[in-house]
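Below is upload_30.cif, holding mmCIF, C-alpha atoms.
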data_coords
#
loop_
_atom_site.label_atom_id
_atom_site.label_comp_id
_atom_site.auth_asym_id
_atom_site.auth_seq_id
_atom_site.Cartn_x
_atom_site.Cartn_y
_atom_site.Cartn_z
CA MET A 1 -42.46 116.82 -20.77
CA ARG A 2 -44.72 116.17 -23.73
CA VAL A 3 -42.29 116.43 -26.66
CA VAL A 4 -42.66 116.52 -30.42
CA PHE A 5 -39.36 115.53 -32.01
CA ALA A 6 -38.39 116.50 -35.58
CA GLY A 7 -35.26 115.06 -37.18
CA THR A 8 -34.07 113.00 -40.10
CA PRO A 9 -30.45 111.73 -40.36
CA ALA A 10 -28.27 109.61 -38.10
CA PHE A 11 -27.10 112.77 -36.31
CA ALA A 12 -30.60 113.23 -34.84
CA ALA A 13 -31.37 109.67 -33.72
CA PRO A 14 -29.30 109.66 -30.47
CA ALA A 15 -31.19 112.73 -29.25
CA LEU A 16 -34.54 111.00 -29.78
CA GLU A 17 -33.31 107.93 -27.92
CA ALA A 18 -31.97 110.10 -25.08
CA LEU A 19 -35.31 111.90 -24.67
CA VAL A 20 -37.14 108.60 -24.30
CA ALA A 21 -34.50 107.22 -21.93
CA GLY A 22 -34.74 110.44 -19.91
CA GLY A 23 -38.43 109.89 -19.19
CA HIS A 24 -39.92 112.43 -21.59
CA GLN A 25 -43.16 111.57 -23.34
CA VAL A 26 -42.45 111.79 -27.06
CA VAL A 27 -45.97 112.22 -28.39
CA LEU A 28 -45.02 112.54 -32.06
CA VAL A 29 -41.93 112.11 -34.23
CA LEU A 30 -41.63 114.03 -37.50
CA THR A 31 -39.16 113.05 -40.19
CA ARG A 32 -38.68 113.53 -43.92
CA PRO A 33 -40.49 111.17 -46.32
CA ASP A 34 -38.70 107.98 -47.40
CA ARG A 35 -36.09 108.56 -50.10
CA PRO A 36 -34.38 106.36 -52.73
CA ALA A 37 -31.13 104.88 -51.41
CA GLY A 38 -28.57 102.22 -52.27
CA ARG A 39 -27.64 100.72 -55.61
CA GLY A 40 -31.23 99.71 -56.28
CA MET A 41 -32.49 103.21 -55.34
CA ARG A 42 -35.36 101.75 -53.38
CA LEU A 43 -37.30 103.93 -50.98
CA ALA A 44 -35.77 103.76 -47.51
CA PRO A 45 -36.84 105.32 -44.19
CA SER A 46 -34.64 107.87 -42.44
CA GLU A 47 -32.52 106.96 -39.43
CA VAL A 48 -34.95 108.84 -37.20
CA ALA A 49 -37.89 106.91 -38.69
CA ARG A 50 -36.08 103.66 -37.89
CA ALA A 51 -35.41 104.81 -34.32
CA ALA A 52 -39.03 105.88 -33.82
CA GLU A 53 -40.33 102.54 -35.05
CA ARG A 54 -37.88 100.68 -32.84
CA LEU A 55 -39.04 102.72 -29.84
CA GLY A 56 -42.72 102.33 -30.71
CA LEU A 57 -43.35 106.07 -31.12
CA PRO A 58 -46.04 107.77 -33.22
CA LEU A 59 -44.42 108.73 -36.54
CA SER A 60 -45.35 111.16 -39.30
CA LYS A 61 -43.55 111.96 -42.57
CA PRO A 62 -45.07 115.16 -43.97
CA ALA A 63 -43.58 116.61 -47.15
CA SER A 64 -44.15 120.09 -45.70
CA LEU A 65 -45.23 121.69 -42.43
CA ARG A 66 -47.17 124.43 -44.18
CA GLY A 67 -50.25 122.36 -44.94
CA GLU A 68 -53.36 122.29 -42.77
CA ASP A 69 -53.07 118.56 -42.10
CA ALA A 70 -49.54 118.86 -40.66
CA VAL A 71 -50.51 121.81 -38.47
CA ARG A 72 -53.63 120.02 -37.27
CA GLU A 73 -51.58 116.93 -36.36
CA LEU A 74 -49.11 119.02 -34.36
CA ARG A 75 -51.85 120.84 -32.48
CA ALA A 76 -53.55 117.56 -31.65
CA ALA A 77 -50.30 116.32 -30.09
CA SER A 78 -50.39 119.24 -27.59
CA PRO A 79 -46.61 119.37 -27.07
CA GLU A 80 -45.03 121.37 -24.28
CA VAL A 81 -41.87 121.63 -26.35
CA MET A 82 -40.70 120.74 -29.84
CA VAL A 83 -37.12 119.48 -30.28
CA VAL A 84 -35.56 119.80 -33.73
CA ALA A 85 -32.31 118.17 -34.91
CA ALA A 86 -31.25 118.29 -38.57
CA TYR A 87 -34.85 117.93 -39.67
CA GLY A 88 -34.47 119.42 -43.14
CA LEU A 89 -37.72 121.40 -43.28
CA ILE A 90 -38.33 125.02 -42.35
CA LEU A 91 -40.71 125.50 -39.41
CA PRO A 92 -43.26 128.16 -40.40
CA PRO A 93 -44.43 130.72 -37.79
CA VAL A 94 -47.67 128.83 -37.13
CA VAL A 95 -45.67 125.75 -36.10
CA LEU A 96 -43.22 127.72 -33.94
CA GLU A 97 -46.18 128.97 -31.92
CA ILE A 98 -47.74 125.56 -31.20
CA PRO A 99 -45.54 124.20 -28.34
CA ALA A 100 -46.40 125.84 -25.02
CA ARG A 101 -42.72 126.21 -24.09
CA GLY A 102 -41.31 126.83 -27.53
CA CYS A 103 -39.13 125.01 -30.05
CA LEU A 104 -35.52 124.05 -29.32
CA ASN A 105 -32.95 123.24 -31.98
CA ILE A 106 -29.86 121.05 -31.58
CA HIS A 107 -27.29 122.70 -33.85
CA ALA A 108 -23.88 121.18 -34.57
CA SER A 109 -21.72 124.26 -34.07
CA LEU A 110 -20.91 126.93 -31.51
CA LEU A 111 -23.33 129.59 -32.69
CA PRO A 112 -23.17 132.13 -34.20
CA ARG A 113 -20.33 130.41 -36.08
CA TRP A 114 -21.60 128.16 -38.88
CA ARG A 115 -25.29 128.85 -39.00
CA GLY A 116 -26.98 126.83 -41.70
CA ALA A 117 -27.10 123.43 -43.34
CA ALA A 118 -23.54 122.04 -43.20
CA PRO A 119 -21.79 123.18 -40.01
CA ILE A 120 -19.68 120.02 -39.60
CA HIS A 121 -18.36 120.10 -43.17
CA ARG A 122 -17.57 123.81 -42.93
CA ALA A 123 -15.74 123.52 -39.62
CA LEU A 124 -13.48 120.83 -41.08
CA LEU A 125 -12.90 122.70 -44.34
CA ALA A 126 -11.96 125.85 -42.44
CA GLY A 127 -9.49 124.03 -40.23
CA ASP A 128 -11.34 124.93 -37.02
CA GLU A 129 -9.73 123.48 -33.91
CA GLU A 130 -12.96 123.44 -31.90
CA THR A 131 -16.66 122.98 -32.49
CA GLY A 132 -19.58 121.83 -30.37
CA ILE A 133 -23.32 121.77 -29.88
CA SER A 134 -25.67 124.70 -29.35
CA ILE A 135 -29.16 124.26 -27.93
CA MET A 136 -31.08 127.32 -29.09
CA ARG A 137 -34.62 128.67 -29.02
CA MET A 138 -35.94 128.73 -32.55
CA GLU A 139 -37.08 131.88 -34.30
CA GLN A 140 -38.14 132.56 -37.87
CA GLY A 141 -34.56 133.38 -38.93
CA LEU A 142 -31.97 130.78 -39.93
CA ASP A 143 -30.38 129.63 -36.64
CA THR A 144 -30.73 133.15 -35.22
CA GLY A 145 -32.36 132.35 -31.89
CA PRO A 146 -30.76 132.80 -28.47
CA VAL A 147 -28.54 130.01 -27.17
CA LEU A 148 -29.64 128.26 -23.98
CA LEU A 149 -26.74 125.85 -23.61
CA GLU A 150 -23.56 124.89 -25.45
CA LYS A 151 -21.11 122.03 -25.20
CA ARG A 152 -17.63 122.34 -26.68
CA LEU A 153 -15.58 119.68 -28.46
CA ALA A 154 -12.01 119.67 -29.80
CA ILE A 155 -11.72 118.61 -33.45
CA GLY A 156 -9.25 115.74 -33.82
CA ALA A 157 -6.45 115.94 -36.38
CA ARG A 158 -7.90 112.98 -38.32
CA ASP A 159 -11.61 113.62 -37.74
CA THR A 160 -13.92 113.26 -40.72
CA THR A 161 -17.49 114.45 -41.08
CA ALA A 162 -18.52 110.90 -40.13
CA THR A 163 -16.44 110.67 -36.94
CA LEU A 164 -17.02 114.25 -35.86
CA GLY A 165 -20.73 113.95 -36.62
CA ALA A 166 -21.01 110.88 -34.38
CA LYS A 167 -19.28 112.70 -31.52
CA LEU A 168 -21.51 115.74 -31.92
CA ALA A 169 -24.65 113.59 -32.11
CA ALA A 170 -23.80 112.06 -28.74
CA LEU A 171 -23.03 115.51 -27.34
CA GLY A 172 -26.32 116.85 -28.67
CA ALA A 173 -28.21 114.02 -26.98
CA LEU A 174 -26.63 114.94 -23.65
CA GLY A 175 -27.23 118.63 -24.26
CA ILE A 176 -30.93 118.45 -25.05
CA VAL A 177 -31.70 116.34 -21.97
CA GLU A 178 -29.74 118.80 -19.84
CA ALA A 179 -31.47 121.78 -21.43
CA LEU A 180 -34.97 120.39 -20.85
CA ALA A 181 -34.09 119.61 -17.23
CA GLY A 182 -32.96 123.20 -16.68
CA LEU A 183 -35.41 124.97 -18.95
CA ASP A 184 -36.68 127.20 -16.13
CA ARG A 185 -33.15 128.16 -15.03
CA LEU A 186 -31.23 128.62 -18.27
CA VAL A 187 -30.64 132.21 -19.36
CA PRO A 188 -30.92 132.70 -23.13
CA ARG A 189 -27.78 134.27 -24.65
CA PRO A 190 -28.40 136.42 -27.74
CA GLN A 191 -26.04 135.67 -30.61
CA ASP A 192 -23.38 138.26 -31.47
CA PRO A 193 -24.19 139.47 -35.01
CA GLY A 194 -20.55 140.47 -35.53
CA ARG A 195 -19.39 136.82 -35.24
CA VAL A 196 -21.87 135.22 -37.65
CA THR A 197 -20.62 132.83 -40.33
CA TYR A 198 -22.77 130.67 -42.62
CA ALA A 199 -22.42 126.98 -43.41
CA ALA A 200 -23.83 126.73 -46.92
CA LYS A 201 -25.07 123.38 -48.15
CA VAL A 202 -22.28 121.28 -49.63
CA GLY A 203 -22.23 120.96 -53.41
CA LYS A 204 -20.67 118.15 -55.45
CA ALA A 205 -18.50 120.62 -57.32
CA GLU A 206 -16.70 121.39 -54.06
CA ALA A 207 -15.57 117.78 -53.79
CA LEU A 208 -13.20 118.00 -56.79
CA ILE A 209 -9.57 118.19 -55.67
CA ASP A 210 -7.49 121.02 -57.14
CA TRP A 211 -3.86 119.90 -56.90
CA LYS A 212 -2.67 123.52 -57.04
CA ARG A 213 -3.95 124.04 -53.51
CA GLN A 214 -1.90 123.30 -50.39
CA ALA A 215 -1.76 119.70 -49.18
CA ILE A 216 -3.09 120.70 -45.75
CA GLU A 217 -6.19 122.18 -47.41
CA LEU A 218 -6.75 119.07 -49.52
CA ASP A 219 -6.44 116.89 -46.43
CA ARG A 220 -9.27 118.90 -44.84
CA GLN A 221 -11.29 118.51 -48.03
CA VAL A 222 -10.92 114.72 -48.04
CA ARG A 223 -11.95 114.51 -44.39
CA ALA A 224 -14.86 116.95 -44.79
CA PHE A 225 -16.35 115.00 -47.70
CA ASN A 226 -16.17 111.62 -45.97
CA PRO A 227 -18.70 109.94 -45.95
CA SER A 228 -20.51 112.02 -48.57
CA PRO A 229 -20.13 112.90 -51.37
CA GLY A 230 -16.47 111.80 -51.26
CA ALA A 231 -13.55 113.91 -52.51
CA GLU A 232 -12.80 113.36 -56.22
CA ALA A 233 -9.31 113.39 -57.70
CA VAL A 234 -8.09 113.33 -61.28
CA ILE A 235 -4.57 111.94 -61.66
CA GLY A 236 -3.48 111.94 -65.29
CA GLU A 237 -6.59 110.58 -66.97
CA THR A 238 -7.71 108.52 -63.99
CA ARG A 239 -10.59 109.67 -61.81
CA LEU A 240 -10.75 108.43 -58.23
CA LYS A 241 -12.71 108.95 -55.06
CA VAL A 242 -10.34 109.65 -52.18
CA TRP A 243 -11.56 108.46 -48.78
CA GLU A 244 -8.42 108.70 -46.67
CA ALA A 245 -5.28 110.77 -47.17
CA GLU A 246 -2.63 112.65 -45.23
CA PRO A 247 -0.42 115.66 -46.00
CA VAL A 248 3.32 115.13 -46.33
CA GLY A 249 6.16 117.62 -46.74
CA ASP A 250 7.58 118.94 -49.97
CA VAL A 251 8.87 116.01 -52.05
CA GLY A 252 9.68 118.01 -55.19
CA LEU A 253 6.60 117.07 -57.21
CA GLU A 254 4.67 119.33 -59.55
CA PRO A 255 0.96 119.71 -58.66
CA GLY A 256 -1.02 116.66 -59.78
CA THR A 257 1.97 114.45 -60.54
CA LEU A 258 2.65 111.06 -59.01
CA GLY A 259 5.79 110.39 -57.01
CA ASP A 260 7.90 107.24 -56.77
CA ARG A 261 5.67 104.22 -56.13
CA SER A 262 7.95 103.11 -53.31
CA SER A 263 6.62 106.05 -51.28
CA GLY A 264 3.00 105.02 -51.87
CA LEU A 265 0.40 106.99 -53.79
CA VAL A 266 1.88 110.45 -53.23
CA ILE A 267 0.66 113.37 -55.37
CA GLY A 268 2.29 116.78 -55.61
CA CYS A 269 0.29 119.83 -54.48
CA GLY A 270 0.69 123.59 -54.68
CA LYS A 271 2.52 123.32 -51.39
CA GLY A 272 3.63 119.96 -50.03
CA ALA A 273 2.15 116.68 -51.20
CA LEU A 274 -0.77 114.42 -50.35
CA ARG A 275 -0.42 110.69 -49.67
CA LEU A 276 -3.63 108.89 -50.64
CA ARG A 277 -4.39 105.95 -48.37
CA VAL A 278 -7.85 104.69 -49.42
CA VAL A 279 -9.25 105.24 -52.92
CA GLN A 280 -12.05 104.01 -55.16
CA ARG A 281 -12.40 103.72 -58.93
CA PRO A 282 -15.77 104.76 -60.46
CA GLY A 283 -18.17 101.88 -59.90
CA GLY A 284 -15.56 99.94 -57.94
CA ARG A 285 -14.92 99.23 -54.31
CA ARG A 286 -12.80 101.11 -51.82
CA MET A 287 -9.25 99.80 -51.59
CA PRO A 288 -5.94 100.64 -49.95
CA ALA A 289 -3.73 102.79 -52.16
CA SER A 290 -1.09 100.02 -52.22
CA GLU A 291 -3.60 97.67 -53.84
CA PHE A 292 -4.60 100.32 -56.36
CA LEU A 293 -0.98 100.90 -57.33
CA ARG A 294 -0.47 97.20 -58.06
CA GLY A 295 -3.28 97.21 -60.59
CA ASN A 296 -3.07 100.61 -62.29
CA PRO A 297 -1.54 101.12 -65.77
CA TRP A 298 0.82 103.94 -64.87
CA SER A 299 4.50 103.50 -65.55
#
Rewrite the structure from the file as structure tokens, please.
Amino acid sequence: MRVVFAGTPAFAAPALEALVAGGHQVVLVLTRPDRPAGRGMRLAPSEVARAAERLGLPLSKPASLRGEDAVRELRAASPEVMVVAAYGLILPPVVLEIPARGCLNIHASLLPRWRGAAPIHRALLAGDEETGISIMRMEQGLDTGPVLLEKRLAIGARDTTATLGAKLAALGALGIVEALAGLDRLVPRPQDPGRVTYAAKVGKAEALIDWKRQAIELDRQVRAFNPSPGAEAVIGETRLKVWEAEPVGDVGLEPGTLGDRSSGLVIGCGKGALRLRVVQRPGGRRMPASEFLRGNPWS
């Protein structure tokens, strides 16, 4: 088919590559404009932009899809279908009507659970045991359209947003190729409004660890905020990013207090304790907790 693809982060790139490998004619790739990144905060292209350039595909980076120029460019591409994956811009009604066979979205959850911007983070924070990919027909509402195809995936006990996101990206690439191949046969399934939950965008304030919470909840928090923005812990007067941790049983520690160094970097919680495995000082590098303990001033 003639496909317009719209996506931005690493999650979306495997789907674009799969469409090309599957023989579809990607006539235009849309992605968000370059953004500052890295220590130097220099403008850098998105992962989808890099993939499009590597594949030699026409690429556009509109700041909005509501302008006449963006709409004109899409119409000139004459797509049969538009495939969207974590694009980051709302598709206005005029854009939804352009592709002859509609717009399909690759969403990283089993809809209607976790509609919205951060379905992977929210699934981990909630302690879900399963997630997956939904290929849905897009409507004007937020992830409200009928589901054409879904693929399920068990969430591993040590999965992070990074590892789970990579698995779901690969699953989404398989799913969209399968959905396009069966577009005439697939029966749209309306979403059950009684089962809807929303995955609100993640805020930095949510990354701060509250030691009064249960260790199992804090473990989910650390995994959900890896790789970004990173869970933040305050131990005494020391602030750390926590990149890897694991819950341990009750070791008799008050919330926020450090246990015996011989047990590692173990901090008491509201219930149980959390062993920190990889941490980072502000402005420093990531390091194993054992290395951090050798250099910290605590008695």
Test item: residues at most 7 Å from stretch 24-40 of chain A, only C-alpha atoms, excluding those fewer than 2 positions along its chain, as a list in words:
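Skipping anything fewer than 2 positions along the chain leaves Met1, Arg2, Val3, Val4, Phe5, Ala6, Gly7, Thr8, Leu19, Val20, Gly22, Arg42, Leu43, Ala44, Pro45, Ser46, Val48, Ala49, Ala52, Leu57, Pro58, Leu59, Ser60, Lys61, Pro62, Ala63, Ala77 and Tyr87 of chain A.
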Write the residues you've just listed into a file as a compact mmCIF listing (two decimals), keeping the file's coordinate frame, and include C-alpha atoms for each of them.
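Result file is out_27.txt:
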# COMPACT_ATOMS: atom_id res chain seq x y z
CA MET A 1 -42.46 116.82 -20.77
CA ARG A 2 -44.72 116.17 -23.73
CA VAL A 3 -42.29 116.43 -26.66
CA VAL A 4 -42.66 116.52 -30.42
CA PHE A 5 -39.36 115.53 -32.01
CA ALA A 6 -38.39 116.50 -35.58
CA GLY A 7 -35.26 115.06 -37.18
CA THR A 8 -34.07 113.00 -40.10
CA LEU A 19 -35.31 111.90 -24.67
CA VAL A 20 -37.14 108.60 -24.30
CA GLY A 22 -34.74 110.44 -19.91
CA ARG A 42 -35.36 101.75 -53.38
CA LEU A 43 -37.30 103.93 -50.98
CA ALA A 44 -35.77 103.76 -47.51
CA PRO A 45 -36.84 105.32 -44.19
CA SER A 46 -34.64 107.87 -42.44
CA VAL A 48 -34.95 108.84 -37.20
CA ALA A 49 -37.89 106.91 -38.69
CA ALA A 52 -39.03 105.88 -33.82
CA LEU A 57 -43.35 106.07 -31.12
CA PRO A 58 -46.04 107.77 -33.22
CA LEU A 59 -44.42 108.73 -36.54
CA SER A 60 -45.35 111.16 -39.30
CA LYS A 61 -43.55 111.96 -42.57
CA PRO A 62 -45.07 115.16 -43.97
CA ALA A 63 -43.58 116.61 -47.15
CA ALA A 77 -50.30 116.32 -30.09
CA TYR A 87 -34.85 117.93 -39.67
Point out the residue among A:Leu96, A:Leu174, A:Leu149, A:Gly236 with the least atom-to-atom distance to A:Leu16, counting all atoms listed in the file.
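Nearest to A:Leu16: A:Leu174.
For the set A:Ser290, A:Thr257, A:Thr163, A:Ser64, the residue with the smallest atom-to-atom gap to A:Ala224 is A:Thr163, counting only C-alpha atoms.
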Choose the residue, out of A:Cys269, A:Ala126, A:Val251, A:Val95, that has the smallest atom-to-atom separation from A:Met138; count all atoms listed in the file.
A:Val95
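Shortest separation to A:Trp243 among A:Met82, A:Ala12, A:Leu91, A:Ala162 occurs at residue A:Ala162, atoms counted being all atoms listed in the file.
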Point-to-point distance from atom CA of A:Gly194 to atom CA of A:Asn105, Å rounded to tenths
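Atom-to-atom, atom CA of A:Gly194 to atom CA of A:Asn105, that is 21.5 Å.
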Quick check, in Å to one decimal: how far apart do atom CA of A:Ile106 and atom CA of A:Ile135 lie?
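Atom CA of A:Ile135 lies at a distance of 4.9 Å from atom CA of A:Ile106.
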Pull the neighbourhood of (-27.4, 113.4, -32.7) for me: all residues within 9 Å in file coordinates, counting only C-alpha atoms, as a PyMOL selection string.
chain A and resi 9-16+85-86+106+108+165-173
